[in-house]
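K.L.:
The following file, input-v2.csv, comprises CSV, C-alpha atoms:
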chain,number,residue,atom,x,y,z
A,57,MET,CA,-114.6,-208.4,-28.8
A,58,ASP,CA,-112.0,-207.2,-31.2
A,59,VAL,CA,-108.6,-206.9,-29.6
A,60,HIS,CA,-106.9,-205.5,-32.8
A,61,PRO,CA,-106.1,-201.8,-33.3
A,62,PRO,CA,-108.0,-199.8,-35.9
A,63,TYR,CA,-106.3,-198.9,-39.1
A,64,LEU,CA,-106.7,-195.2,-38.5
A,65,TYR,CA,-105.2,-194.1,-35.1
A,66,PRO,CA,-104.3,-190.4,-35.6
A,67,ASP,CA,-101.9,-190.2,-32.6
A,68,TYR,CA,-99.7,-192.6,-34.7
A,69,LYS,CA,-99.2,-190.1,-37.5
A,70,SER,CA,-98.2,-192.6,-40.2
A,71,THR,CA,-101.7,-194.1,-40.1
A,72,ARG,CA,-103.3,-190.9,-41.4
A,73,LEU,CA,-102.3,-191.4,-45.0
A,74,ARG,CA,-102.0,-195.2,-45.0
A,75,ALA,CA,-105.2,-196.4,-43.3
A,76,PRO,CA,-108.0,-197.3,-45.8
A,77,SER,CA,-111.0,-195.0,-45.6
A,78,GLU,CA,-113.5,-197.5,-47.0
A,79,PRO,CA,-114.9,-200.2,-44.8
A,80,LEU,CA,-113.2,-203.6,-45.3
A,81,VAL,CA,-115.2,-206.3,-47.1
A,82,ARG,CA,-115.8,-209.2,-44.8
A,83,VAL,CA,-115.4,-212.6,-46.5
A,84,ALA,CA,-114.7,-216.2,-45.5
A,85,PRO,CA,-111.1,-217.3,-46.0
A,86,SER,CA,-110.9,-218.9,-49.4
A,87,PRO,CA,-109.8,-222.6,-49.4
A,88,LEU,CA,-106.5,-221.3,-50.6
A,89,GLU,CA,-106.2,-219.0,-47.6
A,90,ALA,CA,-107.0,-222.0,-45.3
A,91,THR,CA,-103.7,-223.4,-46.4
A,92,GLY,CA,-100.3,-221.6,-46.1
A,93,PRO,CA,-96.6,-221.8,-46.9
A,94,VAL,CA,-94.9,-224.9,-45.5
A,95,PHE,CA,-91.4,-224.2,-44.3
A,96,PRO,CA,-89.0,-227.1,-44.5
A,97,LYS,CA,-87.6,-228.2,-41.2
A,98,HIS,CA,-84.1,-227.3,-42.2
A,99,PHE,CA,-85.2,-223.9,-43.3
A,100,VAL,CA,-84.5,-222.9,-39.7
A,101,LYS,CA,-81.1,-223.7,-38.1
A,102,ASP,CA,-81.1,-224.3,-34.4
A,103,SER,CA,-78.6,-221.5,-34.0
A,104,GLU,CA,-81.0,-219.0,-35.4
A,105,ALA,CA,-83.1,-219.1,-32.2
A,106,ASP,CA,-80.1,-217.7,-30.2
A,107,LEU,CA,-79.5,-214.1,-31.2
A,108,THR,CA,-76.5,-213.9,-28.8
A,109,THR,CA,-74.2,-216.2,-30.7
A,110,TRP,CA,-74.1,-214.3,-34.0
A,111,GLY,CA,-70.9,-212.4,-33.3
A,112,ARG,CA,-67.4,-213.3,-32.2
A,113,SER,CA,-68.3,-212.6,-28.6
A,114,ALA,CA,-71.3,-211.8,-26.5
A,115,PRO,CA,-73.4,-208.8,-27.4
A,116,LEU,CA,-73.9,-206.0,-24.9
A,117,GLY,CA,-77.0,-205.9,-22.8
A,118,GLU,CA,-79.2,-207.9,-20.5
A,119,LYS,CA,-79.3,-211.5,-21.7
A,120,MET,CA,-82.7,-213.1,-21.7
A,121,VAL,CA,-84.6,-216.3,-22.6
A,122,LEU,CA,-88.1,-216.0,-24.0
A,123,VAL,CA,-90.3,-219.0,-24.1
A,124,GLY,CA,-94.0,-219.5,-25.0
A,125,ARG,CA,-96.5,-221.3,-27.1
A,126,LEU,CA,-98.3,-220.5,-30.3
A,127,LEU,CA,-102.0,-221.4,-30.1
A,128,ASP,CA,-105.1,-220.9,-32.2
A,129,GLU,CA,-108.3,-219.4,-30.9
A,130,ASP,CA,-109.6,-222.8,-29.9
A,131,GLY,CA,-106.5,-223.3,-27.7
A,132,ARG,CA,-104.9,-225.9,-30.0
A,133,PRO,CA,-101.1,-225.7,-30.5
A,134,VAL,CA,-99.9,-224.5,-33.8
A,135,ARG,CA,-97.2,-227.0,-34.7
A,136,ARG,CA,-94.1,-226.6,-36.9
A,137,SER,CA,-94.9,-223.0,-37.6
A,138,LEU,CA,-92.4,-220.4,-38.5
A,139,ILE,CA,-91.8,-217.5,-36.0
A,140,GLU,CA,-89.5,-214.7,-37.2
A,141,VAL,CA,-88.2,-212.1,-34.7
A,142,TRP,CA,-86.2,-208.9,-35.1
A,143,GLN,CA,-85.3,-206.1,-32.6
A,144,ALA,CA,-83.0,-203.2,-31.7
A,145,ASN,CA,-79.8,-203.9,-29.8
A,146,ALA,CA,-79.5,-203.0,-26.1
A,147,SER,CA,-78.8,-199.4,-27.0
A,148,GLY,CA,-82.0,-199.1,-29.0
A,149,LYS,CA,-80.3,-199.2,-32.4
A,150,TYR,CA,-81.2,-201.2,-35.5
A,151,PRO,CA,-78.5,-202.0,-38.0
A,152,HIS,CA,-80.8,-200.6,-40.7
A,153,PRO,CA,-80.0,-197.8,-43.2
A,154,VAL,CA,-83.1,-195.7,-42.2
A,155,ASP,CA,-82.3,-195.8,-38.4
A,156,ASP,CA,-80.8,-192.4,-37.7
A,157,HIS,CA,-80.8,-192.8,-33.9
A,158,GLU,CA,-77.5,-191.7,-32.5
A,159,ALA,CA,-76.8,-194.8,-30.5
A,160,PRO,CA,-74.0,-197.3,-31.1
A,161,LEU,CA,-74.3,-200.4,-33.2
A,162,ASP,CA,-73.1,-203.6,-31.5
A,163,PRO,CA,-70.8,-205.5,-33.8
A,164,ASN,CA,-71.8,-208.7,-32.0
A,165,PHE,CA,-75.6,-208.3,-32.4
A,166,LEU,CA,-77.6,-208.5,-35.6
A,167,GLY,CA,-81.0,-208.6,-33.9
A,168,LYS,CA,-82.6,-211.2,-36.2
A,169,GLY,CA,-83.7,-214.7,-35.5
A,170,GLN,CA,-86.2,-217.4,-36.4
A,171,VAL,CA,-87.6,-220.6,-34.9
A,172,LEU,CA,-90.1,-223.3,-35.7
A,173,THR,CA,-92.7,-224.3,-33.0
A,174,ASP,CA,-92.5,-227.9,-31.8
A,175,ASP,CA,-95.3,-230.4,-31.7
A,176,GLU,CA,-96.8,-228.7,-28.6
A,177,GLY,CA,-96.6,-225.2,-30.3
A,178,ARG,CA,-93.7,-224.2,-28.1
A,179,TYR,CA,-90.8,-221.9,-29.0
A,180,ARG,CA,-87.7,-220.7,-27.2
A,181,ILE,CA,-85.4,-217.9,-28.2
A,182,VAL,CA,-82.3,-216.4,-26.5
A,183,THR,CA,-81.5,-212.7,-27.0
A,184,VAL,CA,-80.7,-209.5,-25.1
A,185,LYS,CA,-83.3,-207.1,-24.0
A,186,PRO,CA,-83.7,-204.4,-26.7
A,187,GLY,CA,-83.3,-200.8,-25.7
A,188,ALA,CA,-86.0,-198.1,-26.0
A,189,TYR,CA,-85.4,-195.5,-28.7
A,190,PRO,CA,-86.7,-192.0,-29.7
A,191,TRP,CA,-88.8,-191.5,-32.7
A,192,GLN,CA,-90.2,-188.5,-34.6
A,193,ASN,CA,-93.9,-189.2,-34.2
A,194,HIS,CA,-94.4,-186.6,-31.5
A,195,ALA,CA,-92.3,-184.4,-29.2
A,196,PHE,CA,-90.2,-186.4,-26.8
A,197,GLY,CA,-91.6,-189.6,-28.2
A,198,TRP,CA,-89.8,-192.8,-27.3
A,199,ARG,CA,-90.8,-196.4,-28.3
A,200,PRO,CA,-90.9,-198.8,-25.3
A,201,ALA,CA,-88.6,-201.8,-25.6
A,202,HIS,CA,-90.1,-204.3,-27.9
A,203,ILE,CA,-89.4,-207.4,-30.0
A,204,HIS,CA,-91.0,-207.7,-33.5
A,205,PHE,CA,-92.8,-211.0,-34.3
A,206,SER,CA,-93.9,-212.4,-37.7
A,207,LEU,CA,-96.2,-215.4,-37.5
A,208,PHE,CA,-97.6,-217.7,-40.1
A,209,GLY,CA,-99.7,-220.1,-38.2
A,210,ASN,CA,-100.6,-223.0,-40.4
A,211,ALA,CA,-102.9,-221.1,-42.8
A,212,TYR,CA,-102.3,-217.8,-44.7
A,213,ALA,CA,-105.5,-216.5,-43.1
A,214,GLN,CA,-103.6,-216.7,-39.8
A,215,ARG,CA,-100.7,-214.5,-40.9
A,216,LEU,CA,-99.9,-211.9,-38.2
A,217,ILE,CA,-97.2,-209.4,-37.5
A,218,THR,CA,-97.0,-207.9,-34.0
A,219,GLN,CA,-94.7,-206.7,-31.2
A,220,MET,CA,-94.0,-208.0,-27.7
A,221,PHE,CA,-93.4,-205.6,-24.8
A,222,PHE,CA,-91.9,-205.9,-21.4
A,223,PRO,CA,-93.8,-205.8,-18.0
A,224,GLY,CA,-93.7,-202.6,-16.0
A,225,ASP,CA,-92.3,-200.3,-18.8
A,226,PRO,CA,-93.4,-196.7,-18.1
A,227,LEU,CA,-93.1,-195.9,-21.8
A,228,LEU,CA,-96.1,-198.1,-22.7
A,229,ALA,CA,-98.4,-195.4,-21.4
A,230,ILE,CA,-97.1,-192.8,-24.0
A,231,ASP,CA,-96.7,-195.2,-26.9
A,232,PRO,CA,-99.4,-194.6,-29.5
A,233,ILE,CA,-98.6,-197.9,-31.3
A,234,PHE,CA,-99.2,-199.9,-28.1
A,235,GLN,CA,-102.1,-197.6,-27.1
A,236,SER,CA,-103.8,-198.1,-30.4
A,237,VAL,CA,-104.8,-201.6,-29.2
A,238,PRO,CA,-108.2,-201.6,-27.4
A,239,GLU,CA,-107.6,-201.7,-23.6
A,240,ALA,CA,-108.8,-205.3,-23.3
A,241,GLY,CA,-106.1,-206.4,-25.7
A,242,ARG,CA,-103.0,-204.5,-24.4
A,243,ARG,CA,-102.2,-207.0,-21.7
A,244,LEU,CA,-101.9,-209.7,-24.4
A,245,LEU,CA,-98.8,-207.9,-25.9
A,246,ILE,CA,-96.8,-207.9,-22.6
A,247,ALA,CA,-94.6,-210.8,-21.6
A,248,ASP,CA,-94.5,-212.2,-18.1
A,249,LEU,CA,-91.3,-212.4,-16.1
A,250,ASP,CA,-90.7,-216.2,-15.6
A,251,LEU,CA,-87.4,-216.4,-13.8
A,252,GLU,CA,-87.1,-220.2,-13.9
A,253,GLN,CA,-87.1,-220.1,-17.7
A,254,GLY,CA,-83.9,-218.1,-17.5
A,255,VAL,CA,-80.4,-219.4,-16.9
A,256,GLU,CA,-79.3,-219.1,-13.3
A,257,GLY,CA,-76.7,-216.4,-13.0
A,258,VAL,CA,-76.7,-215.7,-16.7
A,259,ALA,CA,-80.1,-214.8,-18.3
A,260,LEU,CA,-83.5,-213.5,-17.2
A,261,GLY,CA,-86.5,-215.6,-18.2
A,262,TYR,CA,-89.7,-214.3,-19.8
A,263,ARG,CA,-92.8,-216.1,-21.1
A,264,TRP,CA,-95.1,-214.9,-23.9
A,265,ASP,CA,-97.8,-217.0,-25.5
A,266,MET,CA,-99.3,-216.0,-28.9
A,267,VAL,CA,-102.7,-216.8,-30.3
A,268,VAL,CA,-103.6,-216.7,-34.0
A,269,ARG,CA,-107.2,-217.0,-35.4
A,270,GLY,CA,-108.6,-220.4,-36.3
A,271,PRO,CA,-107.7,-221.3,-39.9
A,272,ARG,CA,-111.2,-221.7,-41.1
A,273,ALA,CA,-113.2,-219.5,-38.6
A,274,THR,CA,-116.2,-218.1,-40.4
A,275,PRO,CA,-116.8,-214.4,-40.4
A,276,MET,CA,-118.8,-212.9,-37.5
A,277,GLY,CA,-122.5,-212.9,-38.2
A,278,VAL,CA,-122.2,-215.0,-41.3
B,271,MET,CA,-111.1,-219.7,-25.6
B,272,PRO,CA,-107.9,-217.7,-25.7
B,273,LYS,CA,-108.1,-214.2,-27.2
B,274,PRO,CA,-106.1,-213.6,-30.4
B,275,THR,CA,-102.9,-211.6,-30.1
B,276,PRO,CA,-103.4,-208.0,-31.2
B,277,SER,CA,-101.7,-206.9,-34.4
B,278,GLN,CA,-99.0,-204.3,-34.4
B,279,THR,CA,-97.2,-202.5,-37.3
B,280,VAL,CA,-94.2,-204.1,-39.0
B,281,GLY,CA,-92.5,-200.7,-38.6
B,282,PRO,CA,-89.8,-199.2,-40.8
B,283,PHE,CA,-86.9,-201.5,-39.8
B,284,PHE,CA,-88.1,-204.9,-41.2
B,285,ALA,CA,-86.3,-205.0,-44.5
B,286,ARG,CA,-83.1,-206.9,-43.8
B,287,GLU,CA,-84.9,-209.2,-41.4
B,288,LEU,CA,-87.9,-210.3,-43.5
B,289,LEU,CA,-86.5,-210.1,-47.0
B,290,TRP,CA,-85.1,-213.1,-48.9
B,291,LYS,CA,-82.7,-212.8,-51.7
B,292,ASP,CA,-85.1,-214.5,-54.1
B,293,GLY,CA,-88.4,-213.7,-52.4
B,294,GLY,CA,-89.7,-212.2,-55.7
B,295,GLY,CA,-89.3,-215.5,-57.6
B,296,VAL,CA,-92.2,-217.8,-56.6
B,297,LEU,CA,-91.4,-221.5,-56.7
B,298,PHE,CA,-93.7,-224.3,-57.9
B,299,PRO,CA,-93.0,-228.0,-58.4
B,300,GLY,CA,-94.9,-228.2,-61.7
B,301,ARG,CA,-95.0,-226.1,-64.8
B,302,GLY,CA,-97.1,-223.2,-65.8
B,303,ASP,CA,-97.1,-219.9,-67.7
B,304,ARG,CA,-94.5,-217.7,-66.0
B,305,ILE,CA,-95.9,-214.2,-65.4
B,306,THR,CA,-94.8,-211.1,-63.5
B,307,LEU,CA,-97.2,-209.2,-61.3
B,308,THR,CA,-95.9,-205.7,-60.8
B,309,GLY,CA,-97.1,-202.3,-59.8
B,310,ARG,CA,-96.8,-199.5,-57.3
B,311,VAL,CA,-98.2,-198.9,-53.8
B,312,PHE,CA,-99.5,-195.4,-53.0
B,313,ASP,CA,-100.7,-193.6,-49.9
B,314,GLY,CA,-103.7,-191.2,-49.4
B,315,ASN,CA,-101.8,-188.3,-51.1
B,316,GLY,CA,-100.9,-190.5,-54.1
B,317,ALA,CA,-97.3,-190.6,-52.9
B,318,PRO,CA,-95.4,-193.9,-53.4
B,319,ILE,CA,-94.9,-196.1,-50.3
B,320,TYR,CA,-91.3,-197.0,-50.3
B,321,ASP,CA,-91.2,-199.1,-47.2
B,322,ALA,CA,-93.9,-201.8,-47.6
B,323,LEU,CA,-93.6,-205.5,-47.4
B,324,PHE,CA,-95.6,-207.1,-50.2
B,325,GLU,CA,-96.5,-210.8,-49.9
B,326,THR,CA,-98.3,-213.3,-52.2
B,327,TRP,CA,-99.8,-216.7,-51.7
B,328,GLN,CA,-101.5,-218.5,-54.6
B,329,ALA,CA,-102.6,-221.8,-56.3
B,330,ASP,CA,-100.5,-223.4,-59.0
B,331,ALA,CA,-101.2,-223.4,-62.7
B,332,VAL,CA,-104.0,-226.0,-62.4
B,333,GLY,CA,-105.6,-224.5,-59.3
B,334,LYS,CA,-103.9,-226.8,-56.8
B,335,PHE,CA,-102.8,-225.4,-53.5
B,336,PRO,CA,-99.0,-225.6,-52.9
B,337,SER,CA,-97.8,-227.8,-50.1
B,338,GLY,CA,-94.2,-228.5,-49.5
B,339,ASP,CA,-91.0,-226.9,-50.6
B,340,ASP,CA,-88.1,-227.2,-52.9
B,341,GLY,CA,-85.7,-227.9,-50.1
B,342,SER,CA,-84.9,-224.3,-49.4
B,343,ARG,CA,-88.1,-222.3,-49.5
B,344,PRO,CA,-91.9,-223.0,-49.5
B,345,TYR,CA,-93.8,-223.3,-52.8
B,346,GLY,CA,-96.3,-220.7,-53.8
B,347,TYR,CA,-95.2,-217.9,-51.5
B,348,GLY,CA,-93.7,-214.6,-52.6
B,349,ARG,CA,-92.2,-211.8,-50.4
B,350,VAL,CA,-90.7,-208.6,-51.6
B,351,SER,CA,-90.4,-205.0,-50.5
B,352,THR,CA,-91.4,-201.9,-52.4
B,353,ASP,CA,-88.6,-199.7,-53.8
B,354,SER,CA,-88.2,-195.9,-53.6
B,355,ASP,CA,-90.9,-195.5,-56.3
B,356,GLY,CA,-93.3,-197.8,-54.4
B,357,ARG,CA,-92.8,-200.5,-56.9
B,358,TYR,CA,-93.0,-204.3,-56.3
B,359,ALA,CA,-92.6,-207.2,-58.7
B,360,VAL,CA,-93.3,-210.9,-58.2
B,361,GLU,CA,-92.4,-213.4,-60.9
B,362,THR,CA,-94.6,-216.5,-60.6
B,363,VAL,CA,-96.9,-218.8,-62.6
B,364,MET,CA,-100.4,-217.9,-63.8
B,365,PRO,CA,-102.7,-219.4,-61.1
B,366,GLY,CA,-105.5,-221.7,-62.1
B,367,SER,CA,-109.1,-221.2,-60.8
B,368,PHE,CA,-110.3,-223.4,-57.9
B,369,THR,CA,-113.5,-224.5,-56.2
B,370,GLY,CA,-114.7,-223.9,-52.7
B,371,PRO,CA,-116.4,-226.4,-50.3
B,372,GLY,CA,-119.8,-225.1,-51.4
B,373,GLY,CA,-119.0,-225.5,-55.1
B,374,GLU,CA,-118.3,-221.7,-55.4
B,375,ARG,CA,-115.8,-221.0,-58.2
B,376,TYR,CA,-112.8,-218.8,-57.4
B,377,ALA,CA,-111.4,-217.0,-60.4
B,378,PRO,CA,-107.6,-216.9,-61.1
B,379,GLN,CA,-106.3,-214.8,-58.2
B,380,ILE,CA,-103.4,-214.2,-55.9
B,381,SER,CA,-103.9,-213.6,-52.1
B,382,VAL,CA,-102.0,-210.5,-51.1
B,383,ALA,CA,-100.9,-209.1,-47.7
B,384,ILE,CA,-99.3,-205.7,-47.4
B,385,PHE,CA,-97.4,-204.6,-44.2
B,386,ALA,CA,-95.9,-201.2,-43.6
B,387,ARG,CA,-95.0,-198.5,-41.1
B,388,GLY,CA,-98.4,-196.8,-40.4
B,389,LEU,CA,-100.4,-200.1,-40.9
B,390,LEU,CA,-101.3,-201.3,-37.5
B,391,LYS,CA,-102.8,-204.4,-39.2
B,392,GLY,CA,-101.6,-205.9,-42.4
B,393,LEU,CA,-103.8,-205.2,-45.3
B,394,ARG,CA,-105.3,-208.3,-46.9
B,395,THR,CA,-106.8,-208.6,-50.4
B,396,ARG,CA,-107.0,-210.7,-53.6
B,397,VAL,CA,-105.8,-209.6,-57.0
B,398,PHE,CA,-107.6,-211.1,-60.0
B,399,LEU,CA,-105.7,-212.1,-63.1
B,400,ALA,CA,-108.7,-212.2,-65.4
B,401,PRO,CA,-110.9,-209.5,-66.9
B,402,LEU,CA,-114.1,-208.2,-65.2
B,403,GLU,CA,-116.5,-210.4,-67.3
B,404,LEU,CA,-114.7,-213.6,-66.3
B,405,ILE,CA,-114.7,-213.0,-62.5
B,406,LYS,CA,-118.3,-212.1,-61.8
B,407,ASP,CA,-119.1,-215.4,-60.1
B,408,ASP,CA,-116.1,-215.2,-57.8
B,409,PRO,CA,-117.1,-215.1,-54.1
B,410,LEU,CA,-115.2,-211.8,-53.5
B,411,ALA,CA,-116.4,-210.2,-56.7
B,412,ARG,CA,-120.0,-211.0,-55.6
B,413,ALA,CA,-119.4,-209.6,-52.1
B,414,ILE,CA,-118.1,-206.3,-53.6
B,415,GLY,CA,-120.8,-205.9,-56.2
B,416,ASP,CA,-119.9,-202.4,-57.4
B,417,PRO,CA,-117.8,-202.9,-60.7
B,418,ASP,CA,-115.9,-199.7,-60.1
B,419,ARG,CA,-114.7,-201.0,-56.7
B,420,LEU,CA,-114.0,-204.4,-58.1
B,421,ARG,CA,-111.8,-202.9,-60.9
B,422,THR,CA,-109.3,-201.9,-58.1
B,423,LEU,CA,-108.5,-205.6,-57.8
B,424,ILE,CA,-108.1,-206.5,-61.4
B,425,ALA,CA,-104.5,-206.6,-62.7
B,426,ALA,CA,-104.3,-205.3,-66.3
B,427,ARG,CA,-102.4,-207.4,-68.9
B,428,ASP,CA,-99.6,-205.3,-70.4
B,429,ALA,CA,-100.4,-204.4,-74.1
B,430,GLY,CA,-96.8,-204.9,-75.2
B,431,ASP,CA,-95.8,-207.9,-73.1
B,432,PRO,CA,-98.6,-210.5,-72.3
B,433,LYS,CA,-96.4,-212.0,-69.5
B,434,ILE,CA,-96.7,-208.8,-67.4
B,435,TYR,CA,-99.7,-208.1,-65.3
B,436,ARG,CA,-99.9,-204.5,-63.8
B,437,TRP,CA,-101.6,-203.8,-60.5
B,438,ASP,CA,-101.3,-200.5,-58.6
B,439,VAL,CA,-102.5,-200.4,-55.1
B,440,ARG,CA,-103.9,-197.2,-53.6
B,441,LEU,CA,-104.2,-197.6,-49.8
B,442,ARG,CA,-106.4,-194.6,-49.2
B,443,GLY,CA,-108.4,-192.0,-51.1
B,444,ALA,CA,-109.3,-191.8,-54.8
B,445,GLY,CA,-109.2,-195.3,-56.4
B,446,GLU,CA,-108.6,-196.9,-53.0
B,447,ALA,CA,-108.3,-200.7,-53.4
B,448,VAL,CA,-110.8,-203.0,-51.8
B,449,PHE,CA,-109.3,-204.7,-48.7
B,450,ILE,CA,-110.8,-207.6,-47.0
B,451,GLU,CA,-111.1,-209.1,-43.5
B,452,PHE,CA,-111.9,-212.7,-42.6
Please express the file's structure as structure tokens.
P.N.:
Amino acid sequence: MDVHPPYLYPDYKSTRLRAPSEPLVRVAPSPLEATGPVFPKHFVKDSEADLTTWGRSAPLGEKMVLVGRLLDEDGRPVRRSLIEVWQANASGKYPHPVDDHEAPLDPNFLGKGQVLTDDEGRYRIVTVKPGAYPWQNHAFGWRPAHIHFSLFGNAYAQRLITQMFFPGDPLLAIDPIFQSVPEAGRRLLIADLDLEQGVEGVALGYRWDMVVRGPRATPMGV
Amino acid sequence: MPKPTPSQTVGPFFARELLWKDGGGVLFPGRGDRITLTGRVFDGNGAPIYDALFETWQADAVGKFPSGDDGSRPYGYGRVSTDSDGRYAVETVMPGSFTGPGGERYAPQISVAIFARGLLKGLRTRVFLAPLELIKDDPLARAIGDPDRLRTLIAARDAGDPKIYRWDVRLRGAGEAVFIEF
């Protein structure tokens, strides 16, 4: 069963003029697309996995540790694969020119990080919990707190951009971006609280595993 | 078997996070004819999409797949955003053709992914850098069949500058590009 959202989801208004109207053409990944960019080990600095050490002092907000694994659909770890993250600060503000939300920037938080998975497909990032923020899609619309993820897998056919959400957030029920995902897939976008992954007295722990398609999986029905 | 993680939009706030200073200059270890693939991305009203992330992945000049890096960035991979006119430009080498496991012949092409606000899933396709009559045996060209649809994936060589290949991408409506799924 497909866990992915459709392209056209009218409640998310921006899809109306951007979703293709023709059916997609289903093909096997080319042998080129069964390979992908190889990021050098030193492309990522260890410090880039900790978003809380960017400034001169600690950023505002609830400090958190997020751990998890990157797997493929066969359950195999995806090793040495680049994971990029970006997020709003604890007030729900991005340091981005098109963000017009009247919330304060945090001089000690850039909200950008990256990490390579290890030989078991594991990753760990340290950050602060992003704030929710209002958006113009519909009256009284607010995006639930989320962290953006950009994944490469080990093959360009596995490339995936997605968002991670937090357990128990009442805004999930009114978010058309989250609700665009078929019901059976929504749980897969929500992290679990995992206190022991946190730092005692300092940071809350969360766990979120991600799964990308197999690099050479053949199309359904072919 | 674990279920795949659902896709979500890249949103409007990616630019500083996902852009690299030289992401539009694609690196290769070997030589090749340097070309520029450029064009504009349009929505269903024909309006330029000014906030898209445009990515490329391709073979080198002799059809070999890149593996490795120059010490700073991976070979073969391009990443840019569109500007206020919806325009992107990637400077790279002319890719060679390559052969699939069943002997199928892939025409010179670049694999493209487009991410943007309003795209709940990234759009995937392949742009051909050869004219219609030279790509007919390509697996994707055969899967599409209709030459009018196939033409939406052919980059046109600039009449004045043969190093420039122009490819506009309409996401929806008249002249809509063919997009693929795996």
K.L.:
Considering only C-alpha atoms, can you say which of A:Gln143, A:Gln192, A:Ser103, A:Asn164 comes closest to chain B?
P.N.:
A:Gln143
K.L.:
If you take all atoms listed in the file and a cut-off of 10 Å, which residues of region 57-164 of chain A touch region 363-387 of chain B, and what are their nearest atom pairs and distances in Å to one decimal, in chain and number order, as a tab-separated table?
P.N.:
residue	atom	partner	partner_atom	distance
A:Tyr68	CA	B:Arg387	CA	9.9
A:Ser70	CA	B:Arg387	CA	6.8
A:Thr71	CA	B:Arg387	CA	8.1
A:Arg74	CA	B:Arg387	CA	8.7
A:Ser86	CA	B:Gly370	CA	7.1
A:Pro87	CA	B:Gly370	CA	6.0
A:Leu88	CA	B:Ser381	CA	8.3
A:Glu89	CA	B:Ser381	CA	7.4
K.L.:
What does the file look like for those residues with C-alpha atoms, as a PDB file, keeping the file's coordinate frame?
P.N.:
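The resulting file, out_38.pdb, is reproduced below:
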ATOM      1  CA  TYR A  68     -99.700-192.600 -34.700  1.00  0.00           C
ATOM      2  CA  SER A  70     -98.200-192.600 -40.200  1.00  0.00           C
ATOM      3  CA  THR A  71    -101.700-194.100 -40.100  1.00  0.00           C
ATOM      4  CA  ARG A  74    -102.000-195.200 -45.000  1.00  0.00           C
ATOM      5  CA  SER A  86    -110.900-218.900 -49.400  1.00  0.00           C
ATOM      6  CA  PRO A  87    -109.800-222.600 -49.400  1.00  0.00           C
ATOM      7  CA  LEU A  88    -106.500-221.300 -50.600  1.00  0.00           C
ATOM      8  CA  GLU A  89    -106.200-219.000 -47.600  1.00  0.00           C
TER       9      GLU A  89
END
K.L.:
What residues in chain A lie within 7 Å of chain B, counting all atoms listed in the file, written as an MDAnalysis selection string?
P.N.:
chainID A and resid 59:61 63 70:71 73:77 80:85 87:88 93:96 99 129:131 142 152 168 216:219 237 241 244:245 266:269 275
K.L.:
Quick one: of A:Leu116, A:Met220, A:Val121, A:Glu140, who's nearest to Leu289 (chain B), counting only C-alpha atoms?
P.N.:
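Of the candidates, the smallest distance to Leu289 (chain B) is held by A:Glu140.
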K.L.:
How many Å lie between CA of Pro163 (chain A) and CA of Pro115 (chain A), rounded to one decimal?
P.N.:
7.7 Å
K.L.:
Within 7 Å of Ser137 (chain A), counting all atoms listed in the file, which residues show up once you throw out same-chain ones fewer than 4 positions away? Write them as a list in words, please.
P.N.:
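Residues near the query, excluding close chain neighbours: Leu172, Thr173, Phe208, Gly209 and Asn210 of chain A.
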K.L.:
Using CA of Ile139 (chain A) and CA of Tyr179 (chain A) as the two end points, give the distance in Å to one decimal.
P.N.:
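Separation between CA of Ile139 (chain A) and CA of Tyr179 (chain A): 8.3 Å.
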K.L.:
If you measure from CA of Phe324 (chain B) to CA of Tyr212 (chain A), what distance in Å do you get, rounded to one decimal?
P.N.:
13.8 Å
K.L.:
What would the list of residues within 9 Å of (-113.3, -204.3, -58.2) (file frame) look like as a PyMOL selection string, if all atoms listed in the file are what count?
P.N.:
chain B and resi 402+411+414-424+447-448
K.L.:
Would you mind telling me which residue in B:Val350, B:Val397, B:Leu323, B:Ile305 lies nearest to Trp290 (chain B) when using all atoms listed in the file?
P.N.:
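The shortest atom-to-atom distance to Trp290 (chain B) comes from B:Val350.
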